[in-house]
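A.B. asks: Have a look at the structure that comes next, please.
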Amino acid sequence: MASRVKVVVPPGSGSSVNGPYPEFLVDVQGKLYFATNFFDGRAVLWRSNGTEAGTVQVKSFPPASVADPRMSSLVPVGNKVFFQFDDPGTGKELWVSDGTGAGTHLVKDVTPGPAGTRFAFTAAQNGRLTFIREWAFAPGNPQVEVWRSDGTAAGTVEVANFGTLGELVAPTMLGNTLLFFLDTGTGTSLWRSDGTTAGTVHLGNFGPLATDRYTSFEVGNALLFFVVTPGQGTSLWRTDGTPAGTIWVKKLDAQAVPIGQTGFAGNLGLFLLRDGPNTEVWKTDGTPGGTVRLETFGKFVNLLGALNTSVYLYSMNPSTKRLRIESVSLGGGGKTSVTTLPNPYSDQEDAYPSVQRTATSGGKLYFSVAIGTSGPAPREVSLWALNGAAAVQLSRTLSTGDEYASPLFPTGTGPVLFAASKSGSGTEPWFTQGSPATTGQLAEIRPGAGSSVPDGFTLLGNRIYFRAVDDTNAFQLWSMPATFSCPAGLAEAE
């Protein structure tokens, strides 16, 4: 089912989680572009149509004494791909490619000389690349600048310069609009930009962002964020990227309280409020009436996810060393105990469970649970599926490495991909559709006891691309169909 696309890393390069491997995979109008970076400074930009013959080097760069990775942050814009590239003469600067060697070149030495440019944010916007440059020319806050580029030196220009007004916080795209905060230490200003000077507008001044300033999230056509106003407590705000549409939504607490996780339940936003020893679970549609506290727990709980009309949360009992899952209805009505997960190592020291990764697919909530040790590597990692009423264990053999955790990748068609092992083999790609009967090994990419360490799963069209160590003893580019059946009777990851 899975097959190697092409050998893109020299055989024998090894299986270190630090590379070399295919990375920064992006879709450029139906073509796959990616980079390979090597420890001696070599780097290659690749283009692929998914076939061996159609996977070609666009441009190869010789060894150099530069930072690793040398080529990074690929961003598709129209039929071109922009990327950051480190060269001894210029440092890290902006490059662009049209898919040909001749059309792959430095855009502009934005920060002249070998020092390079600090790209704090890059994104496609209105057919151009918009980026934020931070220039630390003196102690204190770096100078914050918004730039745009059409891929030419003349067309790469500064749009706005904020000097050292404040520290850049949480730049993000809301649709086709760039939004970002500047934190002055005593307050916060919110700005928007459409990639032009006239379209770079101040949206408002606020108190400090509430505790974790990276908890802003998008609901509907607005960005929601949390603000602590001295003497007025913690409030929820929203912006649609216009001054008139930047408004206060609701006071959440009379005091300054931490905001925990954020998440989604369909078109609703979810967030946790840490109020002393209590955790409050909230939902919001971005309006005052639609921002509602669903439940309060007298303990520390974390958000697991949402299915249908329920929100699922988990807590860890340090005495029993077990995870308890509870649910709260989006319509209110109290909390419900779902299950308490077993821990076969609960009598052992430091065997505390924690949720490692989560994914939602096909009406089920998947999550991996790691059982800790006194060191950085877990002693066991298991995969579970929650269908609302019960949690089912699917595997107990996910990776226990301290540098590699099994991915959970929803294919978009129901199954979820992960990495596990079985007797006589290492960690390989597996699939599941939420039951032991529909859980099995996808492929044995690296035969024997060695692990293929699959990762970097990327959906492009009707195929999923990923990297894996195979019989070349190096990470190579592999792919598989996005749509496939989960045969029954394949559960072997026990």
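Ligands are numbered from 1 in the order shown, chains are lettered A, B, ... in the order of the structure tokens, and residues start at 1 in each chain.
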Excluding range 414-416 of chain A and any residue of its chain fewer than 6 positions from it, enumerate the residues within 10 Å of it, using only C-alpha atoms, and give them as a PyMOL selection string.
C.D. replies: chain A and resi 359-364+366+407-408+430-434+438-439+482-486
A.B. asks: Could you write those residues out with N, CA, C and O atoms, as a CSV table (one decimal), in the first residue's frame?
C.D. replies:
```
chain,number,residue,atom,x,y,z
A,359,ALA,N,-6.2,13.3,18.1
A,359,ALA,CA,-6.7,13.5,16.7
A,359,ALA,C,-8.1,13.1,16.7
A,359,ALA,O,-8.6,12.2,17.4
A,360,THR,N,-8.9,13.8,15.8
A,360,THR,CA,-10.3,13.4,15.6
A,360,THR,C,-10.5,13.0,14.2
A,360,THR,O,-10.1,13.7,13.3
A,361,SER,N,-11.2,11.9,14.0
A,361,SER,CA,-11.4,11.4,12.6
A,361,SER,C,-12.6,10.4,12.6
A,361,SER,O,-12.7,9.6,13.5
A,362,GLY,N,-13.5,10.5,11.6
A,362,GLY,CA,-14.5,9.5,11.5
A,362,GLY,C,-15.5,9.4,12.6
A,362,GLY,O,-15.9,8.3,12.9
A,363,GLY,N,-15.7,10.5,13.4
A,363,GLY,CA,-16.6,10.5,14.5
A,363,GLY,C,-16.0,9.9,15.7
A,363,GLY,O,-16.7,9.5,16.7
A,364,LYS,N,-14.7,9.7,15.8
A,364,LYS,CA,-14.0,9.2,17.0
A,364,LYS,C,-12.9,10.1,17.4
A,364,LYS,O,-12.3,10.8,16.6
A,366,TYR,N,-9.2,10.1,19.0
A,366,TYR,CA,-8.0,9.2,19.2
A,366,TYR,C,-7.0,10.0,20.1
A,366,TYR,O,-6.8,11.2,20.0
A,407,PRO,N,3.3,9.8,15.6
A,407,PRO,CA,2.4,10.8,15.1
A,407,PRO,C,1.0,10.2,15.1
A,407,PRO,O,0.8,9.0,15.1
A,408,LEU,N,-0.1,11.0,15.2
A,408,LEU,CA,-1.4,10.6,14.9
A,408,LEU,C,-1.9,11.5,13.8
A,408,LEU,O,-2.1,12.7,13.9
A,430,TRP,N,1.4,2.3,11.0
A,430,TRP,CA,0.2,1.5,11.2
A,430,TRP,C,-1.1,2.4,10.9
A,430,TRP,O,-1.0,3.6,10.7
A,431,PHE,N,-2.2,1.7,10.9
A,431,PHE,CA,-3.5,2.5,10.6
A,431,PHE,C,-4.5,1.9,11.6
A,431,PHE,O,-4.4,0.8,12.1
A,432,THR,N,-5.5,2.7,11.8
A,432,THR,CA,-6.7,2.3,12.6
A,432,THR,C,-7.9,3.0,12.2
A,432,THR,O,-7.8,4.2,11.7
A,433,GLN,N,-9.1,2.4,12.3
A,433,GLN,CA,-10.3,3.0,12.1
A,433,GLN,C,-11.2,2.9,13.4
A,433,GLN,O,-12.4,3.1,13.4
A,434,GLY,N,-10.5,2.7,14.5
A,434,GLY,CA,-11.2,2.9,15.8
A,434,GLY,C,-11.5,1.6,16.5
A,434,GLY,O,-12.2,1.7,17.6
A,438,THR,N,-9.9,-3.3,13.1
A,438,THR,CA,-9.6,-2.4,12.0
A,438,THR,C,-8.3,-1.6,12.3
A,438,THR,O,-8.1,-0.5,11.9
A,439,THR,N,-7.4,-2.3,13.0
A,439,THR,CA,-6.1,-1.7,13.4
A,439,THR,C,-5.0,-2.7,12.9
A,439,THR,O,-5.1,-3.9,13.2
A,482,ALA,N,-4.5,8.2,-0.1
A,482,ALA,CA,-5.2,8.8,1.1
A,482,ALA,C,-6.5,8.0,1.4
A,482,ALA,O,-7.0,8.0,2.5
A,483,THR,N,-7.0,7.3,0.4
A,483,THR,CA,-8.2,6.5,0.6
A,483,THR,C,-7.9,5.0,0.5
A,483,THR,O,-7.3,4.6,-0.5
A,484,PHE,N,-8.2,4.3,1.6
A,484,PHE,CA,-8.0,2.8,1.5
A,484,PHE,C,-8.9,2.2,2.6
A,484,PHE,O,-9.5,2.9,3.4
A,485,SER,N,-9.0,0.9,2.4
A,485,SER,CA,-9.9,0.1,3.4
A,485,SER,C,-9.1,-0.4,4.5
A,485,SER,O,-7.9,-0.7,4.4
A,486,CYS,N,-9.7,-0.5,5.7
A,486,CYS,CA,-9.0,-1.1,6.8
A,486,CYS,C,-9.5,-2.6,6.9
A,486,CYS,O,-10.6,-2.8,7.4
```
A.B. asks: Which is closer to Val8 in chain A than all the others in A:Phe39, A:Phe457, A:Phe409, A:Trp46, using only C-alpha atoms?
C.D. replies: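 Residue with the minimum atom-to-atom distance to Val8 in chain A: A:Trp46.
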A.B. asks: Show me, as a PyMOL selection string, the residues that have an atom within 10 Å of range 268-280 of chain A when counting only C-alpha atoms, minus same-chain residues fewer than 2 positions from it.
C.D. replies: chain A and resi 215+217-220+224+234+252-253+255-266+282-286+290-303+305-306+311+330
A.B. asks: Write a file of the just-selected residues containing N, CA and C atoms, as a compact mmCIF listing (two decimals), in the first residue's frame.
C.D. replies:
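Listing of out.txt after writing:
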```txt
# COMPACT_ATOMS: atom_id res chain seq x y z
N THR A 215 -2.79 32.14 23.25
CA THR A 215 -4.02 31.37 23.27
C THR A 215 -5.12 32.00 22.40
N PHE A 217 -7.43 32.35 19.19
CA PHE A 217 -7.87 31.31 18.27
C PHE A 217 -9.03 31.84 17.42
N GLU A 218 -9.23 31.23 16.28
CA GLU A 218 -10.19 31.72 15.29
C GLU A 218 -11.52 30.99 15.44
N VAL A 219 -12.60 31.75 15.52
CA VAL A 219 -13.95 31.22 15.56
C VAL A 219 -14.77 32.00 14.53
N GLY A 220 -15.36 31.28 13.58
CA GLY A 220 -16.09 31.96 12.52
C GLY A 220 -15.15 32.80 11.70
N LEU A 224 -10.38 35.46 18.31
CA LEU A 224 -10.71 35.70 19.71
C LEU A 224 -9.42 35.70 20.53
N THR A 234 -10.29 39.61 33.80
CA THR A 234 -9.96 38.91 32.55
C THR A 234 -11.17 38.91 31.63
N LEU A 252 -14.81 37.48 31.91
CA LEU A 252 -14.77 36.08 32.31
C LEU A 252 -14.52 35.91 33.80
N ASP A 253 -13.76 36.84 34.38
CA ASP A 253 -13.46 36.75 35.81
C ASP A 253 -13.06 38.13 36.29
N GLN A 255 -10.82 38.75 38.41
CA GLN A 255 -9.39 38.76 38.68
C GLN A 255 -8.61 38.38 37.42
N ALA A 256 -7.30 38.57 37.51
CA ALA A 256 -6.42 38.11 36.43
C ALA A 256 -6.20 36.61 36.60
N VAL A 257 -6.74 35.81 35.70
CA VAL A 257 -6.63 34.36 35.81
C VAL A 257 -6.00 33.78 34.55
N PRO A 258 -5.28 32.68 34.68
CA PRO A 258 -4.66 32.06 33.51
C PRO A 258 -5.70 31.44 32.57
N ILE A 259 -5.41 31.51 31.30
CA ILE A 259 -6.20 30.80 30.29
C ILE A 259 -5.47 29.51 29.97
N GLY A 260 -6.17 28.39 30.09
CA GLY A 260 -5.55 27.10 29.78
C GLY A 260 -5.63 26.81 28.30
N GLN A 261 -6.01 25.61 27.96
CA GLN A 261 -6.07 25.22 26.55
C GLN A 261 -7.24 25.86 25.82
N THR A 262 -7.12 25.93 24.52
CA THR A 262 -8.23 26.28 23.65
C THR A 262 -8.46 25.14 22.69
N GLY A 263 -9.67 25.06 22.14
CA GLY A 263 -9.99 23.99 21.21
C GLY A 263 -11.28 24.32 20.48
N PHE A 264 -11.84 23.33 19.81
CA PHE A 264 -13.02 23.55 18.99
C PHE A 264 -14.01 22.41 19.14
N ALA A 265 -15.26 22.76 19.02
CA ALA A 265 -16.35 21.79 18.93
C ALA A 265 -17.21 22.24 17.77
N GLY A 266 -16.92 21.71 16.58
CA GLY A 266 -17.60 22.19 15.38
C GLY A 266 -17.23 23.63 15.12
N TRP A 282 -15.45 26.55 29.17
CA TRP A 282 -16.27 27.53 28.47
C TRP A 282 -16.42 27.17 27.00
N LYS A 283 -17.52 27.62 26.43
CA LYS A 283 -17.72 27.58 24.99
C LYS A 283 -18.00 29.00 24.50
N THR A 284 -17.72 29.28 23.22
CA THR A 284 -18.00 30.60 22.68
C THR A 284 -18.23 30.53 21.18
N ASP A 285 -19.16 31.35 20.71
CA ASP A 285 -19.33 31.56 19.27
C ASP A 285 -18.86 32.95 18.87
N GLY A 286 -18.21 33.64 19.82
CA GLY A 286 -17.70 34.98 19.56
C GLY A 286 -18.66 36.09 19.90
N GLY A 290 -23.37 33.94 23.35
CA GLY A 290 -22.89 32.61 23.01
C GLY A 290 -21.62 32.21 23.73
N THR A 291 -21.15 33.05 24.66
CA THR A 291 -19.97 32.75 25.46
C THR A 291 -20.46 32.32 26.84
N VAL A 292 -20.39 31.03 27.11
CA VAL A 292 -21.05 30.44 28.26
C VAL A 292 -20.11 29.51 29.02
N ARG A 293 -20.14 29.61 30.35
CA ARG A 293 -19.40 28.66 31.17
C ARG A 293 -20.24 27.38 31.28
N LEU A 294 -19.67 26.28 30.80
CA LEU A 294 -20.40 25.02 30.78
C LEU A 294 -20.35 24.28 32.11
N GLU A 295 -19.18 24.31 32.75
CA GLU A 295 -19.02 23.52 33.98
C GLU A 295 -17.77 23.98 34.71
N THR A 296 -17.75 23.74 36.01
CA THR A 296 -16.57 24.01 36.83
C THR A 296 -16.14 22.72 37.52
N PHE A 297 -14.85 22.41 37.39
CA PHE A 297 -14.27 21.26 38.06
C PHE A 297 -13.43 21.75 39.23
N GLY A 298 -13.54 21.09 40.36
CA GLY A 298 -12.75 21.47 41.52
C GLY A 298 -11.38 20.86 41.51
N LYS A 299 -10.77 20.79 40.36
CA LYS A 299 -9.44 20.20 40.18
C LYS A 299 -8.87 20.65 38.85
N PHE A 300 -7.66 20.24 38.58
CA PHE A 300 -6.99 20.59 37.33
C PHE A 300 -7.38 19.56 36.27
N VAL A 301 -8.06 20.00 35.21
CA VAL A 301 -8.41 19.12 34.10
C VAL A 301 -7.87 19.69 32.80
N ASN A 302 -7.70 18.84 31.81
CA ASN A 302 -7.22 19.24 30.50
C ASN A 302 -8.23 18.87 29.43
N LEU A 303 -8.19 19.60 28.34
CA LEU A 303 -9.09 19.37 27.23
C LEU A 303 -8.58 18.22 26.36
N GLY A 305 -10.81 16.84 23.77
CA GLY A 305 -11.40 17.11 22.47
C GLY A 305 -12.91 17.15 22.56
N ALA A 306 -13.56 17.16 21.40
CA ALA A 306 -15.02 17.22 21.36
C ALA A 306 -15.54 16.27 20.30
N VAL A 311 -18.06 17.70 25.18
CA VAL A 311 -16.65 18.07 25.35
C VAL A 311 -16.03 17.06 26.31
N LEU A 330 -22.40 20.32 25.55
CA LEU A 330 -22.38 21.67 25.04
C LEU A 330 -23.67 22.41 25.37
```
A.B. asks: Compare A:Asp68, A:Asp183, A:Glu349, A:Asp402 by their minimum atom-to-atom distance to Asp40 in chain A, counting only C-alpha atoms, and give me the closest one.
C.D. replies: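 Selected residue with least distance to Asp40 in chain A: A:Asp68.
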A.B. asks: Write out as a list in words the residues lying within 8 Å of range 194-203 of chain A, counting only C-alpha atoms and excluding same-chain residues fewer than 4 positions away.
C.D. replies: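 Listed by chain and then number, they are Gln125, Asn126, Thr130, Val146, Trp147, Arg148, Val159, Ala160, Asn176, Thr177, Leu178, Ser189, Leu190, Gly241, Thr242, Pro243 and Thr246 of chain A.
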A.B. asks: Tell me which of A:Thr122, A:Ser65, A:Gln57, A:Gln356 sits closest to Val77 in chain A, counting only C-alpha atoms.
C.D. replies: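 Of the candidates, the smallest distance to Val77 in chain A is held by A:Thr122.
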A.B. asks: Would you please give, as number ranges by chain, all residues of range 72-103 of chain A that DSSP assigns to strand (DSSP E) based on the backbone?
C.D. replies: A: 72-77, 80-87, 91-97
A.B. asks: Just the number, please: distance in Å from CA of Gln143 in chain A to CA of Thr164 in chain A, one decimal.
C.D. replies: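 CA of Gln143 in chain A sits 4.6 Å away from CA of Thr164 in chain A.
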